[in-house]
Structures are given as C-alpha cells and as structure tokens.
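Peer 1: What follows is target_39.txt, made up of compact mmCIF, C-alpha atoms:
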```txt
# COMPACT_ATOMS: atom_id res chain seq x y z
CA MET Q 1 210.89 120.24 73.95
CA ILE Q 2 207.95 121.94 75.56
CA THR Q 3 208.46 125.66 75.95
CA ALA Q 4 207.11 127.33 79.04
CA PRO Q 5 204.19 129.71 78.56
CA THR Q 6 205.23 133.35 78.72
CA GLN Q 7 203.35 134.04 81.91
CA ASN Q 8 202.50 131.37 84.43
CA VAL Q 9 200.24 132.73 87.17
CA TYR Q 10 201.11 129.83 89.45
CA LEU Q 11 204.85 130.39 89.30
CA PRO Q 12 206.18 131.20 92.78
CA LYS Q 13 209.19 133.49 93.12
CA ALA Q 14 212.11 132.53 95.34
CA ALA Q 15 212.40 134.38 98.63
CA VAL Q 16 214.86 134.35 101.51
CA LEU Q 17 213.92 134.32 105.16
CA GLU Q 18 215.78 137.10 106.96
CA ARG Q 19 214.71 136.93 110.58
CA VAL Q 20 212.01 135.47 112.76
CA VAL Q 21 210.25 137.16 115.65
CA CYS Q 22 208.07 135.26 118.14
CA GLU Q 23 204.82 137.13 118.68
CA ILE Q 24 202.76 134.89 120.92
CA PRO Q 25 202.88 131.11 121.52
CA GLU Q 26 202.73 129.32 118.13
CA VAL Q 27 202.62 132.60 116.20
CA LYS Q 28 205.75 134.03 114.63
CA THR Q 29 206.52 136.87 112.27
CA PHE Q 30 208.76 136.01 109.33
CA TYR Q 31 210.69 138.84 107.72
CA TRP Q 32 211.71 137.97 104.18
CA ARG Q 33 212.60 139.42 100.82
CA PHE Q 34 212.56 138.21 97.24
CA GLU Q 35 215.88 137.05 95.85
CA ASP Q 36 215.15 139.12 92.77
CA VAL Q 37 215.13 142.83 93.63
CA SER Q 38 212.71 143.70 90.80
CA GLU Q 39 210.21 141.17 92.20
CA GLN Q 40 210.49 142.87 95.57
CA THR Q 41 209.77 146.27 94.04
CA ALA Q 42 206.78 144.94 92.10
CA PHE Q 43 205.38 143.11 95.12
CA ARG Q 44 205.45 146.15 97.36
CA HIS Q 45 202.55 147.77 95.51
CA PHE Q 46 200.02 145.66 97.39
CA ARG Q 47 197.04 147.15 99.20
CA PRO Q 48 196.15 146.57 102.85
CA GLY Q 49 193.98 143.47 103.13
CA GLN Q 50 195.44 141.54 100.22
CA PHE Q 51 197.02 138.14 100.63
CA ALA Q 52 199.86 136.08 99.20
CA GLN Q 53 200.57 132.40 98.58
CA VAL Q 54 203.60 130.98 100.35
CA SER Q 55 205.33 127.87 98.95
CA LEU Q 56 207.42 125.64 101.15
CA PHE Q 57 209.66 123.41 99.06
CA GLY Q 58 208.71 119.78 99.34
CA VAL Q 59 205.65 120.50 101.47
CA GLY Q 60 203.10 122.70 99.73
CA GLU Q 61 201.54 126.09 99.49
CA PHE Q 62 199.26 128.10 101.76
CA PRO Q 63 197.55 131.49 101.60
CA THR Q 64 198.37 134.09 104.21
CA SER Q 65 197.39 137.68 104.82
CA LEU Q 66 199.89 140.49 104.49
CA PRO Q 67 200.42 142.30 107.78
CA PRO Q 68 202.87 144.93 106.50
CA SER Q 69 201.55 148.18 105.14
CA PRO Q 70 202.71 149.25 101.67
CA THR Q 71 204.11 152.32 103.43
CA GLU Q 72 206.60 150.15 105.32
CA ASP Q 73 209.93 149.01 103.93
CA GLU Q 74 209.98 145.42 105.08
CA THR Q 75 207.90 142.50 103.89
CA PHE Q 76 206.80 139.90 106.40
CA PHE Q 77 204.14 137.34 107.26
CA THR Q 78 202.70 136.55 110.64
CA VAL Q 79 201.67 132.92 110.74
CA ARG Q 80 200.21 130.58 113.34
CA GLN Q 81 201.52 127.05 113.34
CA VAL Q 82 198.55 124.83 112.52
CA GLY Q 83 199.10 122.52 109.56
CA SER Q 84 201.98 120.90 107.71
CA CYS Q 85 202.84 123.96 105.58
CA THR Q 86 202.77 126.48 108.41
CA SER Q 87 204.83 124.06 110.55
CA ALA Q 88 207.39 123.82 107.76
CA LEU Q 89 207.60 127.62 107.67
CA HIS Q 90 208.02 127.71 111.45
CA HIS Q 91 210.93 125.28 111.15
CA LEU Q 92 212.83 127.39 108.61
CA THR Q 93 215.90 129.20 109.86
CA PRO Q 94 217.03 132.63 108.62
CA GLY Q 95 218.85 132.33 105.31
CA GLU Q 96 216.74 129.45 104.09
CA ARG Q 97 214.67 129.76 100.95
CA PHE Q 98 210.99 129.46 100.27
CA ALA Q 99 208.77 131.00 97.60
CA VAL Q 100 205.99 133.53 97.41
CA ARG Q 101 203.47 134.55 94.78
CA GLY Q 102 201.00 137.37 94.96
CA PRO Q 103 199.67 139.76 96.10
CA TYR Q 104 196.15 138.54 95.38
CA GLY Q 105 192.61 139.60 96.14
CA ASP Q 106 190.95 142.89 96.63
CA GLY Q 107 192.18 144.84 99.61
CA PHE Q 108 190.48 147.40 101.81
CA PRO Q 109 189.54 150.45 99.69
CA MET Q 110 191.47 152.79 101.98
CA GLU Q 111 191.22 155.69 99.49
CA GLN Q 112 187.42 155.57 99.65
CA TYR Q 113 187.65 156.00 103.42
CA TYR Q 114 189.46 159.34 103.28
CA GLY Q 115 187.83 161.82 105.66
CA LYS Q 116 186.11 159.15 107.72
CA ASN Q 117 186.52 157.89 111.27
CA LEU Q 118 188.09 154.46 111.50
CA VAL Q 119 187.28 151.88 114.17
CA PHE Q 120 189.42 148.72 114.21
CA VAL Q 121 188.13 145.74 116.16
CA ALA Q 122 190.50 142.78 116.25
CA GLY Q 123 190.27 139.55 118.19
CA GLY Q 124 193.45 137.52 118.66
CA ILE Q 125 195.34 136.97 115.42
CA GLY Q 126 192.61 138.93 113.62
CA LEU Q 127 194.94 141.85 114.17
CA ILE Q 128 197.28 140.45 111.48
CA PRO Q 129 195.32 141.69 108.42
CA LEU Q 130 194.15 144.83 110.26
CA ARG Q 131 197.72 145.77 111.17
CA SER Q 132 198.26 146.68 107.54
CA CYS Q 133 195.30 149.09 107.53
CA ILE Q 134 196.20 150.62 110.89
CA VAL Q 135 199.79 151.33 109.86
CA TYR Q 136 198.59 152.62 106.49
CA ALA Q 137 196.02 154.91 108.14
CA LEU Q 138 198.56 156.22 110.63
CA SER Q 139 201.10 157.05 107.95
CA ASN Q 140 198.35 158.95 106.09
CA ARG Q 141 197.06 160.36 109.36
CA GLU Q 142 195.86 163.71 108.00
CA LYS Q 143 193.49 161.96 105.57
CA TYR Q 144 191.44 160.27 108.30
CA GLN Q 145 189.46 161.64 111.22
CA HIS Q 146 189.25 159.80 114.50
CA ILE Q 147 191.09 156.45 114.77
CA GLN Q 148 190.20 153.89 117.44
CA ILE Q 149 191.76 150.48 117.91
CA PHE Q 150 190.14 147.73 119.99
CA HIS Q 151 192.13 144.56 120.46
CA GLY Q 152 191.19 141.57 122.54
CA ALA Q 153 193.10 138.39 123.34
CA LYS Q 154 192.65 135.37 125.57
CA THR Q 155 195.45 136.29 127.99
CA PRO Q 156 197.88 139.23 128.26
CA LYS Q 157 200.57 136.95 126.79
CA GLU Q 158 198.49 136.50 123.65
CA LEU Q 159 198.20 140.15 122.70
CA MET Q 160 199.58 140.56 119.18
CA TYR Q 161 202.32 142.96 118.04
CA VAL Q 162 202.97 144.25 121.59
CA PRO Q 163 205.64 146.83 120.62
CA LYS Q 164 203.27 148.22 117.97
CA LEU Q 165 200.37 148.30 120.45
CA HIS Q 166 202.49 150.32 122.88
CA GLU Q 167 203.45 152.64 120.04
CA TRP Q 168 199.78 153.12 119.11
CA GLU Q 169 198.83 153.72 122.74
CA GLN Q 170 201.39 156.54 122.85
CA THR Q 171 200.42 158.06 119.49
CA PRO Q 172 198.42 161.26 119.94
CA GLY Q 173 195.07 161.21 118.18
CA VAL Q 174 194.78 157.43 118.34
CA GLU Q 175 192.76 155.56 120.93
CA CYS Q 176 194.03 152.06 121.59
CA HIS Q 177 191.96 149.91 123.94
CA LEU Q 178 193.09 146.45 124.97
CA THR Q 179 191.23 143.68 126.72
CA VAL Q 180 191.89 140.07 127.73
CA ASP Q 181 189.51 137.24 128.57
CA ARG Q 182 191.57 136.19 131.59
CA GLY Q 183 193.95 138.59 133.30
CA ASN Q 184 197.08 137.72 135.25
CA ASP Q 185 198.85 139.40 138.18
CA GLY Q 186 200.60 142.00 136.07
CA TRP Q 187 197.54 142.92 134.00
CA LYS Q 188 195.96 146.26 134.93
CA GLY Q 189 193.82 146.67 131.82
CA ASN Q 190 190.30 145.62 130.97
CA VAL Q 191 189.14 142.02 131.44
CA GLY Q 192 186.31 140.81 129.21
CA VAL Q 193 185.40 140.31 125.57
CA VAL Q 194 186.16 142.96 122.94
CA GLY Q 195 182.55 144.12 122.98
CA SER Q 196 182.88 145.05 126.65
CA LEU Q 197 185.32 147.81 125.62
CA PHE Q 198 182.56 149.59 123.66
CA ARG Q 199 180.61 150.10 126.87
CA LYS Q 200 183.60 151.15 128.95
CA GLN Q 201 183.57 154.55 130.62
CA GLY Q 202 185.19 157.19 128.46
CA VAL Q 203 184.89 155.24 125.21
CA GLU Q 204 182.78 156.95 122.63
CA ILE Q 205 182.48 155.50 119.17
CA PRO Q 206 181.23 157.92 116.53
CA VAL Q 207 178.63 156.21 114.36
CA GLU Q 208 178.18 158.84 111.67
CA ASN Q 209 180.82 158.82 108.93
CA THR Q 210 182.61 155.85 110.47
CA ILE Q 211 183.98 152.62 109.02
CA ALA Q 212 184.34 149.66 111.37
CA PHE Q 213 186.98 147.03 110.51
CA VAL Q 214 186.18 143.75 112.23
CA CYS Q 215 188.44 140.73 112.16
CA GLY Q 216 188.63 137.80 114.52
CA PRO Q 217 187.29 134.34 115.34
CA PRO Q 218 183.67 133.64 114.27
CA VAL Q 219 182.23 133.90 117.81
CA MET Q 220 183.80 137.29 118.36
CA PHE Q 221 182.77 138.42 114.87
CA ARG Q 222 179.12 137.56 115.50
CA PHE Q 223 178.93 139.42 118.83
CA VAL Q 224 180.87 142.46 117.66
CA ILE Q 225 178.61 142.79 114.60
CA LYS Q 226 175.59 142.61 116.91
CA ASP Q 227 177.06 145.36 119.12
CA LEU Q 228 177.95 147.57 116.16
CA LEU Q 229 174.51 147.20 114.56
CA ALA Q 230 172.90 148.01 117.92
CA MET Q 231 175.03 151.15 118.07
CA GLY Q 232 173.54 152.19 114.76
CA PHE Q 233 176.26 151.26 112.27
CA ALA Q 234 175.04 150.72 108.72
CA GLU Q 235 175.79 147.24 107.36
CA ARG Q 236 177.80 148.66 104.48
CA ASN Q 237 180.07 150.51 106.92
CA ILE Q 238 181.24 147.31 108.60
CA VAL Q 239 184.07 145.63 106.71
CA SER Q 240 185.87 142.38 107.36
CA THR Q 241 188.16 139.93 105.66
CA LEU Q 242 187.05 136.34 105.22
CA GLU Q 243 189.30 133.35 105.17
CA ARG Q 244 189.14 130.25 103.05
CA TYR Q 245 191.69 127.77 101.85
CA MET Q 246 192.58 129.59 98.65
CA LYS Q 247 194.48 127.26 96.33
CA CYS Q 248 195.00 129.19 93.12
CA GLY Q 249 194.45 132.76 94.32
CA VAL Q 250 193.24 133.86 90.89
CA GLY Q 251 189.61 132.73 90.76
CA LYS Q 252 190.00 129.46 88.91
CA CYS Q 253 189.93 126.50 91.24
CA GLY Q 254 186.76 127.10 93.28
CA HIS Q 255 188.19 126.12 96.67
CA CYS Q 256 187.28 129.44 98.23
CA CYS Q 257 183.73 129.90 96.89
CA ILE Q 258 181.22 131.23 99.36
CA GLY Q 259 177.86 131.36 97.66
CA VAL Q 260 178.43 133.20 94.41
CA ALA Q 261 181.65 134.95 95.45
CA TYR Q 262 185.23 133.80 95.09
CA VAL Q 263 187.00 134.93 98.23
CA CYS Q 264 190.32 135.10 96.36
CA VAL Q 265 189.25 137.60 93.68
CA ASP Q 266 186.05 139.23 95.01
CA GLY Q 267 187.45 139.36 98.54
CA PRO Q 268 188.94 138.63 100.96
CA VAL Q 269 187.56 142.01 102.02
CA PHE Q 270 183.76 142.17 102.17
CA THR Q 271 181.35 144.58 103.81
CA TYR Q 272 178.83 143.03 106.19
CA GLU Q 273 176.13 143.92 103.65
CA GLN Q 274 177.92 141.78 101.05
CA ILE Q 275 178.62 138.97 103.51
CA LYS Q 276 174.92 138.66 104.25
CA ARG Q 277 174.12 138.46 100.53
CA LEU Q 278 176.65 135.73 99.75
CA GLY Q 279 173.90 133.21 100.34
CA GLU Q 280 175.95 130.88 102.47
CA ASP Q 281 177.20 130.79 106.05
CA ILE Q 282 180.65 132.14 106.54
CA MET J 1 216.39 115.51 91.04
CA GLY J 2 219.20 116.75 93.25
CA PRO J 3 218.97 117.54 96.94
CA ASN J 4 218.26 121.24 96.32
CA GLU J 5 215.99 120.85 93.35
CA PHE J 6 212.25 120.82 93.52
CA GLU J 7 209.55 120.10 91.04
CA ARG J 8 206.15 121.75 91.15
CA VAL J 9 203.46 119.13 90.68
CA ARG J 10 199.73 119.46 90.21
CA VAL J 11 197.43 117.14 92.12
CA TRP J 12 193.83 116.80 91.04
CA ASP J 13 191.21 117.53 93.63
CA ALA J 14 187.43 117.35 93.48
CA CYS J 15 184.88 119.60 95.12
CA ALA J 16 182.83 116.55 96.09
CA LEU J 17 185.57 115.37 98.46
CA SER J 18 185.45 116.54 102.06
CA GLY J 19 189.06 117.73 102.08
CA PHE J 20 188.38 120.25 99.32
CA THR J 21 187.43 123.13 101.61
CA ARG J 22 188.90 121.91 104.90
CA MET J 23 191.33 124.39 106.42
CA ALA J 24 194.38 123.62 108.51
CA GLY J 25 192.66 124.72 111.71
CA GLY J 26 190.10 121.96 111.19
CA PHE J 27 187.19 124.16 110.14
CA ASN J 28 185.37 122.87 107.08
CA PRO J 29 182.74 125.16 105.56
CA ARG J 30 181.26 122.28 103.53
CA ARG J 31 181.46 119.38 105.88
CA SER J 32 178.45 117.32 104.86
CA VAL J 33 177.77 115.45 101.63
CA HIS J 34 174.67 117.45 100.73
CA ASP J 35 176.54 120.77 101.12
CA ARG J 36 179.14 119.59 98.62
CA ARG J 37 176.56 118.08 96.26
CA ASN J 38 174.53 121.31 96.27
CA ARG J 39 177.73 123.23 95.68
CA ARG J 40 178.61 121.11 92.67
CA PHE J 41 175.28 121.52 90.91
CA PHE J 42 174.85 125.18 91.80
CA ARG J 43 178.37 125.88 90.59
CA LYS J 44 177.77 124.14 87.27
CA LEU J 45 174.18 125.02 86.50
CA ALA J 46 172.79 127.85 88.65
CA HIS J 47 171.68 131.05 86.97
CA TYR J 48 173.84 133.33 89.10
CA PHE J 49 176.98 131.57 88.04
CA ILE J 50 175.90 131.75 84.43
CA GLN J 51 175.35 135.48 84.88
CA ARG J 52 178.73 135.80 86.46
CA GLU J 53 180.74 133.81 83.95
CA LEU J 54 178.46 134.51 80.96
CA SER J 55 178.44 130.81 80.19
CA MET J 56 177.48 127.56 81.82
CA ALA J 57 180.19 125.83 83.82
CA CYS J 58 178.96 122.42 82.60
CA VAL J 59 180.14 121.69 79.07
CA GLY J 60 177.81 118.73 78.70
CA CYS J 61 180.46 116.11 77.97
CA GLY J 62 178.46 113.40 79.77
CA ARG J 63 181.46 111.75 81.41
CA CYS J 64 179.92 112.16 84.87
CA ALA J 65 176.83 110.24 83.77
CA ALA J 66 178.91 107.58 82.07
CA VAL J 67 180.97 106.69 85.14
CA CYS J 68 178.43 107.30 87.93
CA HIS J 69 177.23 104.11 89.65
CA GLY J 70 174.59 106.03 91.60
CA ASP J 71 173.15 107.69 88.48
CA ILE J 72 173.51 111.25 89.76
CA GLY J 73 175.25 112.68 86.71
CA MET J 74 174.33 116.09 85.32
CA PRO J 75 171.55 114.91 82.92
CA THR J 76 169.75 112.82 85.55
CA VAL J 77 169.83 115.63 88.11
CA VAL J 78 168.63 118.23 85.60
CA GLU J 79 165.84 115.84 84.60
CA MET J 80 164.91 115.37 88.27
CA ILE J 81 164.77 119.13 88.83
CA ARG J 82 162.71 119.59 85.67
CA ALA J 83 160.25 116.87 86.67
CA ALA J 84 159.92 118.31 90.17
CA THR J 85 159.35 121.80 88.76
CA ASN J 86 156.66 120.57 86.37
CA GLU J 87 155.02 118.65 89.18
CA ALA J 88 155.01 121.77 91.36
CA LYS J 89 153.54 123.83 88.52
CA ALA J 90 150.81 121.26 87.88
CA ARG J 91 149.77 121.35 91.51
```
Output the file's structure as structure tokens, nothing else.

Peer 2:
Amino acid sequence: MITAPTQNVYLPKAAVLERVVCEIPEVKTFYWRFEDVSEQTAFRHFRPGQFAQVSLFGVGEFPTSLPPSPTEDETFFTVRQVGSCTSALHHLTPGERFAVRGPYGDGFPMEQYYGKNLVFVAGGIGLIPLRSCIVYALSNREKYQHIQIFHGAKTPKELMYVPKLHEWEQTPGVECHLTVDRGNDGWKGNVGVVGSLFRKQGVEIPVENTIAFVCGPPVMFRFVIKDLLAMGFAERNIVSTLERYMKCGVGKCGHCCIGVAYVCVDGPVFTYEQIKRLGEDI
Amino acid sequence: MGPNEFERVRVWDACALSGFTRMAGGFNPRRSVHDRRNRRFFRKLAHYFIQRELSMACVGCGRCAAVCHGDIGMPTVVEMIRAATNEAKAR
C-alpha cells in the first residue's frame, strides 16, 4: 500500500456553502465555511490581497481572490460566472460541498502603509480584491490618514457591494466617489470613466505620502495609471493585483509566470514599478 | 467510485500548448507560438531564472531532442544561439 505523504500542498479541504448573494448580473457572493473548524481558524489568518483555490467536485479547480478582510468573521468569495468551474460554483445550492485550499500569494503589505493616505481605485469587479483592503483599513482606521474610494461600473446596476458602498459613503472620514459609464433615470451621480472622478470639483487627492490601489480591467488600469502618474504619484506608490490562471498556487507549475515573476508566490500584488520591470506585457 | 466519492487526478499540461495560459474570460497572455516558444527557452535556460532558482531548469536529459521532428530540442537551440552570438561577435 502506498502511504500518503505527510503534507500534500495540493490537498483541498472540504467546505460547505452557506448562502449565496447576487451582487450584479452574473456575479454572486458565496458565503462558506470549512467543515473542519480548525481549518477555518487557520485559514482566517490571510492577508488582504491573497487568493485561494476553489475545487468543484467533478469539474476542476480555479483561483479566486479573497474579498473578506481578516478582521471580518465570515469567509466568502465573489465570483463572476465565466467558465466551467465558476458556472459549477454558481449552480451550487446552500448546503452543498466543495473544497478550498489556500490562502496563497503575497498580499498587500498593509502594515507598511500605516500612517499613509490610501486611495482605492476600482473598476467593475476590480473592487473584489480591494474590498478586503478597504474593510481592513477601516477597521484599523486610526492607523491610516485620509481614505478615498473611487469605484466605477458600466451601469448603476453593475456597481459592486452596494450595501457596503452606502456604508462607506456614510462613514465619516472616508470619501467614496462612484461613477458609471452609462447612467439611467434614477442615477444622480457622476457619469464617465473612473479617471473623470479625479478631476471632479471638490475632489482632492493628496500625492505626498499616499498609496494608490488600482484594480480593474486592463483599459481602465492603463488610463488610471496615466492619470496618477500625471498627478505626480511615484511608480512604487501605485499597487495593483495581477491575475493569471494559477494552477498550483505554490510556484511550481509555471502557468502564472509573467517575465521572471510567478504571480502566485511573488504576487498577485505588485507595485507599478515592479510591473514595469517584469519584462512582459501584463 | 460511489455517487458521492471523487478522485483527484493530475492531467499533464505543456507550456507550449495554447491552452496553458488561457483564462476563462478568453484572455490569453501567450497567444502566439513564438511567445510560448520564447517562454519555454527563457524559462529553462535564461540567466535570470538561473539566478532565481540557483540552478538551470533544463536537466539535459535530451528527450526533447530525441522526439522532436522539427529539430528544435534544447541542444539544437542552444547551438543556434551560440552560433548567432559568435557570428555577431565576429562582425
């Protein structure tokens, strides 16, 4: 008989789906917990920006970012339905089982940012990984200076985490600016790309001692970076998370290589300075 | 296996195949053949990977050369690069 190795890094741990919340069309949030309580306790020591691998029995495995902050009690994923694995997750009903392994990667170094201003720029579902940082920063509010959140979506219906956005809008000491590409009758906010918010009346972004978190589709990323650099941001003060199809999550398989870096172990969080040095297009 | 039992299987994949880096949304960072070919040789032989891993990723087994119909195994490619470098130096 072949005995199992003592520690198998690829071994997923069984988890139970507890409830599902629809965020926007095709994007749902899945609240879950590990069947084993000790696994749950161990897992909750993740850092904002890390990711996990989700296994769907009989289908496969996919990497996904972790939107909860370690300061929150619940564990959940927010996933868009695109491929076979994410579709299988979308078809699960509460009570059904799947499996999770992680957390993997290097998160945002939130401790290094103590005493700094934070600017979050999220386009569409780019808010998923940044949600973790925002919630973390807000629960350690006294450790950070000014906090600004800029979130853009295609339509008002596609704004992510609406209850949270309302909460952030009401929070004193936090600026939350929203924009949509196309408004509808009920929409009284800004219409335009995320970058248009930077030039809006009454918006002042401090450049000194500020970290800008940028996450969103490539087009948005490119233009926001341009705007931030024009404002005078240093390249090392712009951070983002990159996405690749991570298979192993532990720096072995080479699926997620960009230039010399493995996104799964060196990232997924990179500063813009590092991104430019990777030696390959992102 | 029963209805509620699952087996975890490993399926081999190769970085020279186009599906290797393709993501569910359809975006493929290494879409074309030359991107994947460059990737393969850089990954196995380039100095920055050797610096990173403190060893070469190619173990020199020669199987790639033995099975390749197009003769683009590791030794041939290294020889091509060496010849091109010498030629450039001589010029």

Peer 1: For CA of His151 in chain Q and CA of Thr179 in chain Q, quote the distance in Å rounded to one decimal.

Peer 2: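 Between these atoms lies a distance of 6.4 Å.
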
Peer 1: From the set J:Cys58, J:Met23, J:Val9, J:Ala88, which residue has the shortest atom-to-atom contact distance to chain Q, counting all atoms listed in the file?

Peer 2: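 Of J:Cys58, J:Met23, J:Val9, J:Ala88, the one nearest chain Q is J:Met23, counting all atoms listed in the file.
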
Peer 1: Distance limit 9 Å, atoms considered: all atoms listed in the file. Which chain J residues sit that close to chain Q? Return them as JSON, numbers by chain.

Peer 2: {"J": [5, 6, 7, 8, 15, 20, 21, 22, 23, 24, 25, 29, 39, 43, 48, 49, 52]}

Peer 1: Keeping only C-alpha atoms, write the selected residues to a file as an mmCIF file, in the coordinates of the input.

Peer 2:
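File selection-v4.cif, as written:
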```
data_model
loop_
_atom_site.group_PDB
_atom_site.id
_atom_site.type_symbol
_atom_site.label_atom_id
_atom_site.label_comp_id
_atom_site.auth_asym_id
_atom_site.auth_seq_id
_atom_site.Cartn_x
_atom_site.Cartn_y
_atom_site.Cartn_z
ATOM 1 C CA GLU J 5 215.990 120.850 93.350
ATOM 2 C CA PHE J 6 212.250 120.820 93.520
ATOM 3 C CA GLU J 7 209.550 120.100 91.040
ATOM 4 C CA ARG J 8 206.150 121.750 91.150
ATOM 5 C CA CYS J 15 184.880 119.600 95.120
ATOM 6 C CA PHE J 20 188.380 120.250 99.320
ATOM 7 C CA THR J 21 187.430 123.130 101.610
ATOM 8 C CA ARG J 22 188.900 121.910 104.900
ATOM 9 C CA MET J 23 191.330 124.390 106.420
ATOM 10 C CA ALA J 24 194.380 123.620 108.510
ATOM 11 C CA GLY J 25 192.660 124.720 111.710
ATOM 12 C CA PRO J 29 182.740 125.160 105.560
ATOM 13 C CA ARG J 39 177.730 123.230 95.680
ATOM 14 C CA ARG J 43 178.370 125.880 90.590
ATOM 15 C CA TYR J 48 173.840 133.330 89.100
ATOM 16 C CA PHE J 49 176.980 131.570 88.040
ATOM 17 C CA ARG J 52 178.730 135.800 86.460
#
```

Peer 1: For a test of reading the model, state the distance in Å between CA of Leu66 in chain Q and CA of Ala42 in chain Q, rounded to one decimal.

Peer 2: 14.9 Å

Peer 1: Would you mind listing what lies within 9 Å of range 124-126 of chain Q as a PyMOL selection string, with all atoms listed in the file counted and same-chain residues fewer than 2 positions away left out?

Peer 2: chain Q and resi 27+78-80+121-122+128-131+151-154+158-160+214-217

Peer 1: Using all atoms listed in the file, determine which residues lie at most 8 Å from Arg36 in chain J, disregarding the query and same-chain residues fewer than 3 positions distant; provide the list as a list in words.

Peer 2: Cys15, Ala16, Leu17, Ser18, Arg30, Arg31, Ser32, Val33, Arg39 and Arg40 of chain J

Peer 1: Could you give me, as number ranges by chain, the residues that sit within 8 Å of (194.4, 139.2, 94.2) in the file's coordinates, counting all atoms listed in the file?

Peer 2: Q: 50-51, 102-106, 249-250, 264-265

Peer 1: Here is a test: counting only C-alpha atoms, which residue of J:Ile50, J:Ala66, J:Leu45, J:Ala90 is nearest to Val78 in chain J?

Peer 2: J:Leu45

Peer 1: Pull the neighbourhood of (194.8, 146.1, 105.9) for me: all residues within 7 Å in file coordinates, counting all atoms listed in the file, as a list of chain:residue names.

Peer 2: Q:Pro48, Q:Gly49, Q:Gly107, Q:Phe108, Q:Pro129, Q:Leu130, Q:Arg131, Q:Ser132, Q:Cys133, Q:Ile134

Peer 1: Counting all atoms listed in the file, figure out which residue out of Q:Pro156, Q:Val263, Q:Asp36, Q:Glu169 gets nearest to Gly186 in chain Q.

Peer 2: Q:Pro156

Peer 1: Which one is closest to Val180 in chain Q: Q:Lys226, Q:Lys157, Q:Arg199, Q:Lys252? Count all atoms listed in the file.

Peer 2: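 Among the listed residues, Q:Lys157 lies closest to Val180 in chain Q.
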